[in-house]
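Data block for start-v1.cif (mmCIF, C-alpha atoms):
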data_start
#
loop_
_atom_site.group_PDB
_atom_site.id
_atom_site.type_symbol
_atom_site.label_atom_id
_atom_site.label_comp_id
_atom_site.auth_asym_id
_atom_site.auth_seq_id
_atom_site.Cartn_x
_atom_site.Cartn_y
_atom_site.Cartn_z
ATOM 1 C CA MET F 1 3.907 28.810 9.819
ATOM 2 C CA GLU F 2 0.678 27.542 8.263
ATOM 3 C CA GLU F 3 2.569 26.175 5.244
ATOM 4 C CA ASN F 4 4.670 24.025 7.600
ATOM 5 C CA PHE F 5 1.500 22.752 9.296
ATOM 6 C CA VAL F 6 -0.041 21.804 5.932
ATOM 7 C CA ASN F 7 3.165 20.006 4.886
ATOM 8 C CA LYS F 8 3.157 18.002 8.128
ATOM 9 C CA ARG F 9 -0.462 17.004 7.529
ATOM 10 C CA ILE F 10 0.319 16.027 3.932
ATOM 11 C CA GLY F 11 3.216 13.874 5.155
ATOM 12 C CA LYS F 12 1.146 12.222 7.875
ATOM 13 C CA TYR F 13 -1.846 11.491 5.653
ATOM 14 C CA SER F 14 0.391 10.311 2.800
ATOM 15 C CA LEU F 15 2.168 7.855 5.096
ATOM 16 C CA ILE F 16 -1.149 6.496 6.361
ATOM 17 C CA ALA F 17 -2.525 6.183 2.809
ATOM 18 C CA SER F 18 0.658 4.470 1.592
ATOM 19 C CA PHE F 19 0.601 2.009 4.469
ATOM 20 C CA VAL F 20 -3.098 1.174 4.033
ATOM 21 C CA SER F 21 -2.842 0.752 0.266
ATOM 22 C CA SER F 22 0.258 -1.454 0.603
ATOM 23 C CA VAL F 23 -1.433 -3.646 3.212
ATOM 24 C CA ALA F 24 -4.497 -3.933 0.959
ATOM 25 C CA LEU F 25 -2.331 -4.986 -1.990
ATOM 26 C CA SER F 26 -0.540 -7.554 0.166
ATOM 27 C CA ILE F 27 -3.847 -9.006 1.353
ATOM 28 C CA ILE F 28 -5.084 -9.229 -2.246
ATOM 29 C CA PHE F 29 -1.834 -10.992 -3.197
ATOM 30 C CA ILE F 30 -2.213 -13.473 -0.334
ATOM 31 C CA LEU F 31 -5.845 -14.216 -1.186
ATOM 32 C CA LEU F 32 -5.077 -14.742 -4.860
ATOM 33 C CA ALA F 33 -2.100 -17.006 -4.082
ATOM 34 C CA ILE F 34 -4.160 -19.077 -1.660
ATOM 35 C CA PHE F 35 -6.987 -19.316 -4.193
ATOM 36 C CA LYS F 36 -4.539 -20.397 -6.897
ATOM 37 C CA ASN F 37 -3.152 -23.103 -4.596
ATOM 38 C CA SER F 38 -6.616 -24.352 -3.686
ATOM 39 C CA VAL F 39 -7.672 -24.990 -7.291
ATOM 40 C CA MET F 40 -4.474 -26.860 -8.190
ATOM 41 C CA THR F 41 -4.187 -30.596 -7.551
ATOM 42 C CA THR F 42 -0.611 -30.132 -6.346
ATOM 43 C CA PRO F 43 0.079 -26.787 -4.647
ATOM 44 C CA LEU F 44 2.075 -24.442 -6.807
ATOM 45 C CA TYR F 45 3.299 -22.181 -3.974
ATOM 46 C CA THR F 46 4.543 -23.010 -0.497
ATOM 47 C CA GLN F 47 3.560 -20.950 2.539
ATOM 48 C CA VAL F 48 7.052 -19.462 2.557
ATOM 49 C CA ASP F 49 6.615 -18.377 -1.075
ATOM 50 C CA ILE F 50 3.311 -16.701 -0.249
ATOM 51 C CA ALA F 51 4.704 -14.935 2.835
ATOM 52 C CA ALA F 52 7.834 -13.747 0.996
ATOM 53 C CA GLY F 53 5.718 -12.580 -1.919
ATOM 54 C CA ALA F 54 3.422 -10.650 0.419
ATOM 55 C CA VAL F 55 6.421 -8.903 2.009
ATOM 56 C CA PHE F 56 7.806 -8.094 -1.434
ATOM 57 C CA VAL F 57 4.443 -6.709 -2.587
ATOM 58 C CA PHE F 58 4.186 -4.632 0.595
ATOM 59 C CA ILE F 59 7.650 -3.107 0.146
ATOM 60 C CA LEU F 60 7.104 -2.455 -3.550
ATOM 61 C CA GLY F 61 3.689 -0.966 -2.798
ATOM 62 C CA MET F 62 5.193 1.385 -0.207
ATOM 63 C CA ILE F 63 7.867 2.541 -2.656
ATOM 64 C CA ILE F 64 5.391 3.224 -5.441
ATOM 65 C CA SER F 65 2.632 4.721 -3.306
ATOM 66 C CA ALA F 66 5.108 7.016 -1.519
ATOM 67 C CA SER F 67 5.472 8.899 -4.792
ATOM 68 C CA ILE F 68 1.765 8.874 -5.682
ATOM 69 C CA TRP F 69 -0.102 9.712 -2.453
ATOM 70 C CA PRO F 70 1.567 13.043 -1.495
ATOM 71 C CA ASN F 71 0.284 14.709 -4.671
ATOM 72 C CA ILE F 72 -3.223 13.338 -4.207
ATOM 73 C CA VAL F 73 -3.375 14.261 -0.522
ATOM 74 C CA GLY F 74 -1.887 17.711 -1.174
ATOM 75 C CA LYS F 75 -4.471 18.508 -3.821
ATOM 76 C CA ARG F 76 -7.281 17.301 -1.551
ATOM 77 C CA LEU F 77 -6.120 19.396 1.401
ATOM 78 C CA LYS F 78 -5.631 22.509 -0.711
ATOM 79 C CA ASN F 79 -9.049 22.112 -2.389
ATOM 80 C CA THR F 80 -10.849 21.755 0.935
ATOM 81 C CA GLY F 81 -8.955 24.716 2.365
ATOM 82 C CA GLN F 82 -7.533 22.884 5.357
#
Please express what this file holds, its structure, as structure tokens.
Amino acid sequence: MEENFVNKRIGKYSLIASFVSSVALSIIFILLAIFKNSVMTTPLYTQVDIAAGAVFVFILGMIISASIWPNIVGKRLKNTGQ
């Protein structure tokens, strides 16, 4: 019973961590793209390019972080005894 509870917590915390890290990566991508456009005399990227790139980075970040965060969260929860 307790093992099931720990697995649910690992899943919940992993999803939250994946979402937050993917949003952070998307924001960094947007800021860097906007900065790159601002220093160019003619803009290199359109707003559609930046938005599509941010969505792509978010999806890719979710895929990658979904395999990384469960191990990290599981180790943290087992070390703290929760």
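For the structure shown here, the set of residues caught by the PyMOL selection byres ((chain F and resi 54) around 8) is Ser26, Ile27, Phe29, Ile30, Ile50, Ala51, Ala52, Gly53, Val55, Phe56, Val57 and Phe58 of chain F.
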Who sits within 12 Å of stretch 71-81 of chain F, all atoms listed in the file, same chain under 6 positions skipped, as an MDAnalysis selection string: chainID F and resid 2:3 5:18 65
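Coordinates place atom CA of F:Gln47 at a distance of 9.0 Å from atom CA of F:Ile34.
Picture a line from atom CA of F:Val23 to atom CA of F:Ser38; it runs 22.4 Å.
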Go ahead and compute the interatomic distance for atom CA of F:Trp69 and atom CA of F:Leu31, in Å to one decimal. 24.6 Å
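The shortest atom-to-atom distance to F:Leu25, with all atoms listed in the file taken into account, belongs to F:Ile59 out of F:Val48, F:Ile59, F:Ile68, F:Val39.
Closest to F:Ser21 among F:Pro70, F:Gly61, F:Phe35, F:Asp49 is F:Gly61, based on all atoms listed in the file.
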